[in-house]
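Visitor: Structure file final_34.txt, compact mmCIF, C-alpha atoms, is pasted below:
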# COMPACT_ATOMS: atom_id res chain seq x y z
CA MET Q 1 95.42 96.40 44.79
CA SER Q 2 92.32 96.36 46.92
CA PRO Q 3 92.73 94.33 50.14
CA ARG Q 4 89.47 92.59 49.26
CA LEU Q 5 91.23 91.03 46.27
CA LEU Q 6 94.10 89.68 48.38
CA PRO Q 7 92.43 86.37 49.32
CA PHE Q 8 91.42 85.73 45.71
CA PHE Q 9 94.97 86.08 44.42
CA ILE Q 10 96.42 83.96 47.24
CA LEU Q 11 93.99 81.15 46.46
CA VAL Q 12 94.46 81.32 42.67
CA PHE Q 13 98.23 81.23 43.09
CA ALA Q 14 98.10 78.35 45.56
CA ILE Q 15 95.82 76.30 43.31
CA GLY Q 16 98.43 76.73 40.56
CA VAL Q 17 100.37 73.84 42.15
CA ALA Q 18 97.89 71.47 40.51
CA GLN Q 19 97.77 73.02 37.06
CA ASP Q 20 100.34 70.97 35.21
CA GLN Q 21 99.31 67.38 35.81
CA LYS Q 22 99.40 65.63 32.42
CA GLY Q 23 99.76 61.96 33.34
CA GLU Q 24 97.06 59.41 32.65
CA LEU Q 25 97.39 57.48 35.93
CA GLN Q 26 94.88 58.93 38.34
CA LYS Q 27 93.39 57.98 41.67
CA HIS Q 28 91.36 60.08 44.04
CA THR Q 29 90.59 59.97 47.76
CA ILE Q 30 88.67 62.07 50.23
CA ASP Q 31 89.24 62.32 53.96
CA ILE Q 32 87.45 63.99 56.84
CA ASN Q 33 89.05 64.73 60.21
CA GLN Q 34 87.70 66.08 63.46
CA TYR Q 35 90.15 68.04 65.58
CA TYR Q 36 90.34 69.54 69.06
CA GLY Q 37 93.13 71.72 70.36
CA SER Q 38 94.46 74.86 71.97
CA VAL Q 39 95.42 78.34 70.80
CA LEU Q 40 99.14 78.77 71.42
CA LEU Q 41 100.24 81.84 73.39
CA HIS Q 42 102.77 83.11 70.87
CA ASN Q 43 102.13 86.71 71.94
CA THR Q 44 100.98 87.89 75.37
CA ASP Q 45 98.71 90.44 73.65
CA ILE Q 46 96.21 87.64 72.89
CA SER Q 47 96.19 86.09 76.39
CA HIS Q 48 92.69 87.46 77.01
CA LEU Q 49 91.44 85.54 73.94
CA ILE Q 50 92.61 82.09 75.10
CA SER Q 51 89.58 81.05 77.12
CA ASP Q 52 88.59 77.64 75.73
CA HIS Q 53 89.65 74.90 73.30
CA PRO Q 54 88.90 75.42 69.59
CA ALA Q 55 87.50 72.52 67.57
CA GLY Q 56 86.45 71.83 64.02
CA LEU Q 57 86.53 69.71 60.86
CA ILE Q 58 89.01 69.29 58.00
CA PHE Q 59 87.54 67.93 54.75
CA SER Q 60 89.96 67.16 51.91
CA TYR Q 61 90.13 65.90 48.33
CA ASN Q 62 93.39 64.32 47.13
CA ARG Q 63 94.71 63.35 43.70
CA LYS Q 64 97.51 60.81 43.81
CA THR Q 65 100.58 60.87 41.59
CA TYR Q 66 102.35 57.82 40.20
CA GLY Q 67 105.45 59.13 38.48
CA ASP Q 68 104.09 60.52 35.20
CA GLU Q 69 106.55 63.38 35.71
CA GLU Q 70 110.10 63.24 37.06
CA TRP Q 71 109.47 65.52 40.04
CA GLN Q 72 106.79 63.15 41.38
CA HIS Q 73 109.30 60.37 41.91
CA ALA Q 74 111.84 62.79 43.38
CA PHE Q 75 109.34 63.69 46.13
CA ASN Q 76 108.15 60.09 46.71
CA TYR Q 77 104.88 60.39 44.75
CA PRO Q 78 103.02 63.09 46.70
CA ASP Q 79 99.29 63.86 46.55
CA ILE Q 80 97.90 67.15 45.29
CA GLY Q 81 94.58 68.36 46.61
CA GLY Q 82 92.24 70.90 48.13
CA SER Q 83 90.89 71.31 51.65
CA PHE Q 84 88.07 72.99 53.54
CA ILE Q 85 88.51 73.76 57.25
CA TYR Q 86 85.84 74.85 59.70
CA GLN Q 87 87.08 76.08 63.07
CA ASN Q 88 84.96 77.10 66.03
CA MET Q 89 87.28 79.20 68.17
CA ASN Q 90 84.94 78.64 71.15
CA ASN Q 91 85.39 82.29 72.01
CA SER Q 92 82.65 84.82 71.23
CA THR Q 93 85.25 87.52 70.54
CA LEU Q 94 87.09 85.45 67.91
CA GLY Q 95 84.04 83.88 66.26
CA HIS Q 96 84.30 81.13 63.63
CA ASN Q 97 86.74 80.57 60.74
CA PHE Q 98 86.02 78.99 57.33
CA GLY Q 99 89.01 78.25 55.10
CA LEU Q 100 89.77 77.01 51.56
CA TYR Q 101 93.24 75.64 50.79
CA ALA Q 102 95.42 73.98 48.17
CA HIS Q 103 97.72 71.34 49.65
CA TYR Q 104 100.44 68.75 49.08
CA ASN Q 105 100.67 65.42 50.93
CA PHE Q 106 104.18 63.97 51.33
CA TYR Q 107 104.80 60.37 52.49
CA PHE Q 108 107.46 58.70 54.67
CA PHE Q 109 108.20 55.33 56.32
CA LYS Q 110 106.65 53.10 53.64
CA ARG Q 111 103.84 55.64 53.14
CA VAL Q 112 102.24 55.15 56.56
CA MET Q 113 103.30 58.63 57.72
CA GLN Q 114 101.87 61.62 55.88
CA PHE Q 115 102.96 65.24 56.12
CA ARG Q 116 100.58 67.82 54.65
CA ILE Q 117 101.14 71.50 54.01
CA GLY Q 118 98.22 73.67 52.88
CA GLN Q 119 97.97 77.33 51.93
CA GLY Q 120 94.82 79.34 51.29
CA ILE Q 121 92.36 81.87 52.60
CA ALA Q 122 90.03 81.98 55.58
CA TYR Q 123 86.94 84.00 56.44
CA ASN Q 124 86.38 85.10 60.04
CA THR Q 125 82.87 85.89 61.24
CA ASN Q 126 83.78 88.42 63.95
CA PRO Q 127 86.90 90.55 63.22
CA TYR Q 128 88.02 93.65 65.10
CA ASP Q 129 85.62 96.58 65.26
CA LYS Q 130 86.45 99.58 67.41
CA PHE Q 131 82.83 99.89 68.53
CA GLU Q 132 81.38 96.36 68.44
CA ASN Q 133 84.40 94.07 68.93
CA PHE Q 134 87.37 96.04 70.18
CA ARG Q 135 88.79 93.08 72.16
CA ASN Q 136 89.60 91.09 69.00
CA ASN Q 137 93.17 92.24 68.38
CA ALA Q 138 94.03 88.92 66.66
CA TYR Q 139 91.99 89.35 63.47
CA GLY Q 140 91.75 92.78 61.88
CA SER Q 141 89.72 91.75 58.82
CA HIS Q 142 87.17 89.21 57.66
CA PHE Q 143 89.55 87.67 55.10
CA MET Q 144 92.94 86.31 56.13
CA SER Q 145 95.69 84.20 54.67
CA SER Q 146 95.98 80.83 56.37
CA THR Q 147 98.49 78.00 56.47
CA TYR Q 148 98.04 74.58 57.99
CA LEU Q 149 100.31 71.60 58.66
CA MET Q 150 99.39 67.99 59.48
CA LEU Q 151 101.57 65.07 60.54
CA ASN Q 152 99.48 61.88 60.56
CA TYR Q 153 99.62 58.13 60.75
CA HIS Q 154 97.87 57.33 57.47
CA LYS Q 155 96.53 53.93 56.45
CA GLU Q 156 94.39 53.59 53.34
CA ASN Q 157 92.08 50.82 52.13
CA ILE Q 158 91.76 48.86 55.36
CA PHE Q 159 88.30 47.65 54.34
CA LYS Q 160 86.70 48.16 50.92
CA GLY Q 161 88.38 51.50 50.19
CA LEU Q 162 87.94 52.81 53.75
CA GLY Q 163 90.98 53.85 55.77
CA PHE Q 164 92.02 55.69 58.92
CA LYS Q 165 94.32 58.54 59.88
CA ALA Q 166 95.25 60.30 63.12
CA GLY Q 167 97.88 62.78 64.25
CA ILE Q 168 98.56 66.42 64.98
CA SER Q 169 97.75 69.66 63.16
CA LEU Q 170 98.80 73.30 63.31
CA ILE Q 171 96.50 75.97 61.82
CA HIS Q 172 97.67 79.58 61.41
CA TYR Q 173 95.48 82.61 60.64
CA SER Q 174 96.86 86.06 59.81
CA ASN Q 175 96.15 88.90 57.38
CA ALA Q 176 99.87 89.79 57.34
CA ASN Q 177 99.26 93.39 58.43
CA VAL Q 178 97.13 94.18 55.40
CA LYS Q 179 94.89 95.71 58.06
CA ALA Q 180 95.53 96.32 61.77
CA PRO Q 181 95.26 94.78 64.29
CA ASN Q 182 96.93 91.53 63.29
CA THR Q 183 98.28 89.62 66.26
CA SER Q 184 97.11 86.34 64.58
CA THR Q 185 96.45 82.90 66.10
CA ASN Q 186 98.08 79.48 65.93
CA THR Q 187 96.00 76.44 66.86
CA PHE Q 188 97.74 73.21 67.85
CA ALA Q 189 95.33 70.27 67.68
CA LEU Q 190 94.91 66.52 67.78
CA ASN Q 191 92.99 65.11 64.82
CA ALA Q 192 91.53 61.79 63.76
CA GLY Q 193 89.41 60.78 60.80
CA LEU Q 194 88.54 58.49 57.91
CA ILE Q 195 89.86 58.15 54.35
CA TYR Q 196 87.78 56.87 51.45
CA ASP Q 197 89.17 55.74 48.12
CA LEU Q 198 86.83 57.00 45.38
CA ASP Q 199 88.16 54.24 43.11
CA GLY Q 200 87.09 51.51 45.53
CA GLY Q 201 90.58 50.48 46.60
CA ARG Q 202 91.87 49.81 43.08
CA GLU Q 203 95.65 49.37 43.18
CA ILE Q 204 97.90 51.22 40.72
CA GLY Q 205 101.61 50.55 40.44
CA TYR Q 206 104.13 53.38 40.63
CA LEU Q 207 106.10 54.08 37.48
CA ALA Q 208 109.85 53.53 37.47
CA PRO Q 209 111.95 56.66 38.03
CA MET Q 210 112.60 58.72 34.94
CA GLU Q 211 116.20 59.37 34.08
CA LYS Q 212 117.03 63.04 34.05
CA GLU Q 213 120.36 64.69 33.54
CA LYS Q 214 121.66 66.78 36.39
CA ILE Q 215 120.97 70.45 35.75
CA THR Q 216 124.13 72.51 35.54
CA GLU Q 217 123.85 76.24 34.95
CA PRO Q 218 126.10 79.27 35.23
CA ILE Q 219 125.17 81.92 37.76
CA LYS Q 220 121.83 83.52 36.83
CA TYR Q 221 120.71 87.09 37.58
CA ASN Q 222 117.20 87.99 38.71
CA MET Q 223 115.18 91.21 38.90
CA VAL Q 224 111.91 91.31 40.89
CA PHE Q 225 109.32 94.01 41.48
CA ARG Q 226 107.00 93.49 44.45
CA ALA Q 227 104.06 95.54 45.69
CA GLY Q 228 101.03 95.44 47.97
CA LEU Q 229 99.15 97.19 50.76
CA ASN Q 230 99.77 97.18 54.49
CA GLU Q 231 99.17 99.15 57.67
CA SER Q 232 101.23 99.91 60.76
CA ASP Q 233 100.29 98.45 64.13
CA VAL Q 234 98.70 101.78 65.07
CA ILE Q 235 95.01 101.14 64.38
CA ASP Q 236 93.23 103.50 61.97
CA MET Q 237 96.42 104.97 60.50
CA GLY Q 238 95.19 103.65 57.16
CA GLN Q 239 96.44 101.26 54.51
CA HIS Q 240 99.26 102.40 52.26
CA PRO Q 241 101.02 100.94 49.23
CA PHE Q 242 104.56 99.62 49.34
CA TYR Q 243 107.02 98.88 46.55
CA ILE Q 244 110.13 96.69 46.63
CA VAL Q 245 112.83 96.38 43.99
CA SER Q 246 115.07 93.33 44.35
CA ALA Q 247 118.10 92.08 42.46
CA TYR Q 248 119.90 88.85 43.19
CA ALA Q 249 122.14 86.16 41.73
CA ASP Q 250 121.35 82.47 42.04
CA LYS Q 251 123.36 79.32 41.50
CA ARG Q 252 121.75 75.90 40.92
CA LEU Q 253 123.09 73.15 43.18
CA GLY Q 254 121.34 70.41 41.22
CA ASN Q 255 117.84 69.61 40.00
CA ARG Q 256 116.08 70.65 43.21
CA SER Q 257 117.94 73.52 44.87
CA ALA Q 258 119.56 76.87 44.28
CA ILE Q 259 121.21 79.40 46.59
CA GLN Q 260 120.64 83.15 46.27
CA LEU Q 261 122.51 86.32 47.19
CA GLY Q 262 121.00 89.75 46.61
CA ALA Q 263 119.61 93.05 47.80
CA ASP Q 264 116.19 94.70 48.36
CA VAL Q 265 115.21 98.38 48.28
CA TYR Q 266 112.02 99.12 50.25
CA PHE Q 267 109.60 102.02 49.69
CA SER Q 268 107.00 101.46 52.43
CA ARG Q 269 104.59 104.37 52.76
CA PHE Q 270 103.15 103.12 56.06
CA LEU Q 271 106.57 103.81 57.60
CA LYS Q 272 106.45 107.39 56.35
CA GLU Q 273 103.14 107.87 58.17
CA LEU Q 274 104.42 106.08 61.27
CA ILE Q 275 107.47 108.37 61.40
CA LYS Q 276 105.21 111.44 61.31
CA PHE Q 277 102.99 109.96 64.03
CA GLN Q 278 105.88 109.13 66.36
CA SER Q 279 107.57 112.51 65.84
CA ILE Q 280 104.42 114.24 67.10
CA SER Q 281 103.07 111.76 69.67
CA PHE Q 282 106.34 110.51 71.17
CA PRO Q 283 108.96 113.29 70.93
CA GLU Q 284 110.97 111.56 73.66
CA ASN Q 285 111.91 108.87 71.10
CA GLY Q 286 113.96 111.38 69.12
CA VAL Q 287 112.17 110.68 65.83
CA SER Q 288 112.07 113.52 63.31
CA ALA Q 289 109.28 113.91 60.76
CA ASP Q 290 112.01 114.26 58.12
CA ASP Q 291 113.59 110.86 58.84
CA ASP Q 292 113.89 108.72 55.72
CA TYR Q 293 111.35 105.91 55.47
CA LYS Q 294 113.28 103.94 52.83
CA ARG Q 295 115.32 100.83 53.71
CA VAL Q 296 117.96 98.77 51.91
CA GLY Q 297 118.68 95.16 52.81
CA VAL Q 298 120.97 92.36 51.68
CA PHE Q 299 119.87 88.74 51.88
CA LEU Q 300 120.93 85.12 51.51
CA GLY Q 301 118.30 82.69 50.23
CA HIS Q 302 117.42 79.20 49.12
CA GLU Q 303 115.01 77.98 46.42
CA LEU Q 304 113.45 74.51 46.33
CA PHE Q 305 112.11 73.53 42.88
CA ILE Q 306 108.90 71.45 42.60
CA ASN Q 307 107.80 71.14 38.98
CA ASN Q 308 106.99 74.68 37.73
CA MET Q 309 106.62 75.83 41.32
CA SER Q 310 109.31 76.63 43.83
CA VAL Q 311 109.50 77.48 47.52
CA ILE Q 312 111.77 80.34 48.52
CA SER Q 313 113.22 81.27 51.91
CA GLN Q 314 115.44 84.28 52.49
CA LEU Q 315 117.15 85.84 55.51
CA GLY Q 316 118.09 89.50 55.25
CA TYR Q 317 119.81 92.35 57.08
CA TYR Q 318 119.16 96.08 56.59
CA VAL Q 319 122.35 97.93 55.68
CA TYR Q 320 120.49 101.24 55.31
CA TYR Q 321 118.12 101.63 58.26
CA PRO Q 322 117.41 105.25 59.25
CA PHE Q 323 114.23 104.46 61.24
CA ASP Q 324 114.07 101.61 63.75
CA PHE Q 325 111.17 99.28 62.93
CA GLU Q 326 111.18 95.74 64.36
CA GLY Q 327 114.97 95.36 64.13
CA ARG Q 328 117.52 95.00 61.35
CA MET Q 329 116.97 91.30 60.61
CA TYR Q 330 114.12 90.22 58.32
CA ASN Q 331 112.96 87.06 56.59
CA ARG Q 332 110.86 86.17 53.55
CA VAL Q 333 109.14 82.91 52.64
CA GLY Q 334 106.77 82.13 49.81
CA LEU Q 335 105.95 80.55 46.47
CA LYS Q 336 107.15 81.20 42.94
CA ARG Q 337 105.64 79.96 39.71
CA TYR Q 338 107.63 79.95 36.49
CA PHE Q 339 106.01 80.81 33.18
CA GLY Q 340 108.62 79.45 30.81
CA ASN Q 341 112.32 79.59 31.59
CA ARG Q 342 112.63 83.26 32.49
CA VAL Q 343 109.47 84.96 33.73
CA PHE Q 344 108.00 84.14 37.14
CA GLY Q 345 105.36 85.35 39.56
CA ALA Q 346 105.66 85.24 43.33
CA ILE Q 347 103.62 85.56 46.50
CA THR Q 348 105.76 85.98 49.60
CA LEU Q 349 105.39 86.86 53.26
CA LYS Q 350 107.94 89.33 54.60
CA SER Q 351 108.35 89.43 58.38
CA HIS Q 352 110.68 90.18 61.26
CA GLY Q 353 110.91 86.88 63.09
CA ALA Q 354 107.32 85.82 63.78
CA LYS Q 355 105.92 89.33 63.26
CA ALA Q 356 104.53 89.79 59.73
CA GLU Q 357 105.02 93.06 57.87
CA ALA Q 358 103.40 92.40 54.49
CA VAL Q 359 102.17 89.97 51.86
CA GLU Q 360 104.10 90.78 48.69
CA PHE Q 361 102.91 90.20 45.12
CA GLY Q 362 105.79 90.08 42.70
CA ILE Q 363 106.78 89.57 39.09
CA GLY Q 364 110.30 88.91 37.98
CA VAL Q 365 112.71 87.78 35.29
CA ARG Q 366 115.62 85.35 35.50
CA LEU Q 367 118.36 86.14 33.00
Translate this structure into structure tokens?
Guide:
Amino acid sequence: MSPRLLPFFILVFAIGVAQDQKGELQKHTIDINQYYGSVLLHNTDISHLISDHPAGLIFSYNRKTYGDEEWQHAFNYPDIGGSFIYQNMNNSTLGHNFGLYAHYNFYFFKRVMQFRIGQGIAYNTNPYDKFENFRNNAYGSHFMSSTYLMLNYHKENIFKGLGFKAGISLIHYSNANVKAPNTSTNTFALNAGLIYDLDGGREIGYLAPMEKEKITEPIKYNMVFRAGLNESDVIDMGQHPFYIVSAYADKRLGNRSAIQLGADVYFSRFLKELIKFQSISFPENGVSADDDYKRVGVFLGHELFINNMSVISQLGYYVYYPFDFEGRMYNRVGLKRYFGNRVFGAITLKSHGAKAEAVEFGIGVRL
């Protein structure tokens, strides 16, 4: 898959969260927030890029839910929407970011506190270039995956459909090592803005909870094939394909959760090239060009079900690990979408702690 297609598939998959809304009760709002913050020093390699405070705008469209489907009540009637974020990094090396996202809004404390999580793509105006912009080791490509979180005081319809919100935001940009360099940035910001009800403040009552029997299933077995492109941290070593075969068992704990136990086999060609490079350039490390680049890991995971979507999180340990790369522990987080009861697609981020290794595109079957 071409790296230029990566942002398209991330966005299409993220927007899938809003595909299955069939209820008739609808209400729509828009909100606009201004924010001002700081780039967090999560890695000393970007210390030279933290010179000023980034600022920008977050513009969002939201569709409210009222309980037309059982999952909406289970998650306290969340909103589904899309966002646009403009961020001026206030640093000539980093440039400007423009992002498109799909998001969920979740509500707490009598719906005056709102937590938003958004996932999408961003375009950077000034990525790394070894001749023109060699200091930008944070962004290695124009297109990046991006995640943002907001925790806000949220009050709608204060006056004729107009409301107010204010709180904190965290915006993350990374291309997940699709192309080096990829140190990434995290912006922590204060935000404040206005909400407008496109229906003029019209009130709609929430539907009573739907009764649903508790899901009980025997242990299910899953097979997944994942693939993608990535590059080592050595700039200009080139992008290489990787392939991952996974098998795991899962057990439902109820309507919302399942636990997983399984294994991954990794065929990462960038490691093969990195082994050759280190065997020649750093002979003192004792790396041989014939060292095996394959890895085998076992993992424990959790799956949170939201309608036809689910959120997965897995923590793994390499049991076969002939070449040392970022340590034996690894983690994976991402989204799955089910197409029927058995077949699913997945987009996941595989990393070692906070250091990303790859964005994985997968297809699987649950038997």
Visitor: If we count only C-alpha atoms, what is near region 245-249 of chain Q at a cut-off of 12 Å, once residues fewer than 4 positions away on the same chain are taken out, given as a ChimeraX atom specification?
Guide: /Q:218-227,258-268,294-303,314,316,360-367
Visitor: Please indicate the distance in Å from CA of Ala166 (chain Q) to CA of Asn191 (chain Q), rounded to one decimal place.
Guide: 5.6 Å
Visitor: Kindly give the distance, in Å, that separates CA of Phe277 (chain Q) and CA of Glu357 (chain Q), rounded to a single decimal.
Guide: 18.1 Å
Visitor: Using only C-alpha atoms, which residues sit within 7 Å of region 63-72 of chain Q once same-chain residues fewer than 3 positions away are excluded, as a list in words?
Guide: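 The neighbour list is Gly23, Leu25, Gln26, Lys27, His28, Thr29, Phe75, Asn76, Tyr77, Pro78, Asp79, Ile80, Gly81, Tyr206, Leu207, Pro209, Met210, Ile306 and Asn307 of chain Q.
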Visitor: Ranking Q:Ala122, Q:His73, Q:Ala192, Q:Lys160 by minimum distance to Ile58 (chain Q) and counting only C-alpha atoms, which one comes first?
Guide: Q:Ala192
Visitor: Please compute the CA of Asn33 (chain Q)-CA of Gly120 (chain Q) distance, one decimal, in Å.
Guide: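 We find that CA of Asn33 (chain Q) and CA of Gly120 (chain Q) lie 18.1 Å from each other.
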Visitor: Please tell me which residues are no farther than 9 Å from (103.5, 51.4, 57.0) in the file, counting all atoms listed in the file, and write them as number ranges by chain.
Guide: Q: 108-113, 153-155
Visitor: Give me the residues within 8 Å of Asp197 (chain Q) as an mmCIF file with C-alpha atoms, in the frame of the given file, counting only C-alpha atoms and dropping any in the same chain fewer than 5 places off.
Guide:
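Resulting contents of part.cif:
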data_model
loop_
_atom_site.group_PDB
_atom_site.id
_atom_site.type_symbol
_atom_site.label_atom_id
_atom_site.label_comp_id
_atom_site.auth_asym_id
_atom_site.auth_seq_id
_atom_site.Cartn_x
_atom_site.Cartn_y
_atom_site.Cartn_z
ATOM 1 C CA HIS Q 28 91.360 60.080 44.040
ATOM 2 C CA THR Q 29 90.590 59.970 47.760
ATOM 3 C CA ILE Q 30 88.670 62.070 50.230
ATOM 4 C CA GLU Q 156 94.390 53.590 53.340
ATOM 5 C CA ASN Q 157 92.080 50.820 52.130
ATOM 6 C CA GLY Q 161 88.380 51.500 50.190
ATOM 7 C CA LEU Q 162 87.940 52.810 53.750
#
Visitor: Taking only residues of region 86-154 of chain Q that have an atom at most 10 Å from an atom of region 35-50 of chain Q, what is each one's shortest atom pair and its distance in Å to one decimal, using all atoms listed in the file, in chain and number order, as JSON lines?
Guide:
{"residue": "Q:Tyr86", "atom": "CA", "partner": "Q:Tyr35", "partner_atom": "CA", "distance": 10.0}
{"residue": "Q:Gln87", "atom": "CA", "partner": "Q:Tyr35", "partner_atom": "CA", "distance": 9.0}
{"residue": "Q:Asn88", "atom": "CA", "partner": "Q:Tyr36", "partner_atom": "CA", "distance": 9.8}
{"residue": "Q:Met89", "atom": "CA", "partner": "Q:Val39", "partner_atom": "CA", "distance": 8.6}
{"residue": "Q:Asn90", "atom": "CA", "partner": "Q:Ile50", "partner_atom": "CA", "distance": 9.3}
{"residue": "Q:Asn91", "atom": "CA", "partner": "Q:Leu49", "partner_atom": "CA", "distance": 7.1}
{"residue": "Q:Ser92", "atom": "CA", "partner": "Q:Leu49", "partner_atom": "CA", "distance": 9.2}
{"residue": "Q:Thr93", "atom": "CA", "partner": "Q:Leu49", "partner_atom": "CA", "distance": 7.3}
{"residue": "Q:Leu94", "atom": "CA", "partner": "Q:Leu49", "partner_atom": "CA", "distance": 7.4}
{"residue": "Q:Arg135", "atom": "CA", "partner": "Q:Leu49", "partner_atom": "CA", "distance": 8.2}
{"residue": "Q:Asn136", "atom": "CA", "partner": "Q:Leu49", "partner_atom": "CA", "distance": 7.7}
{"residue": "Q:Asn137", "atom": "CA", "partner": "Q:Ile46", "partner_atom": "CA", "distance": 7.1}
{"residue": "Q:Ala138", "atom": "CA", "partner": "Q:Ile46", "partner_atom": "CA", "distance": 6.7}
Visitor: What lies within 6 Å of Pro127 (chain Q) using all atoms listed in the file, ignoring chain neighbours under 3 positions off, as a PyMOL selection string?
Guide: chain Q and resi 139-142
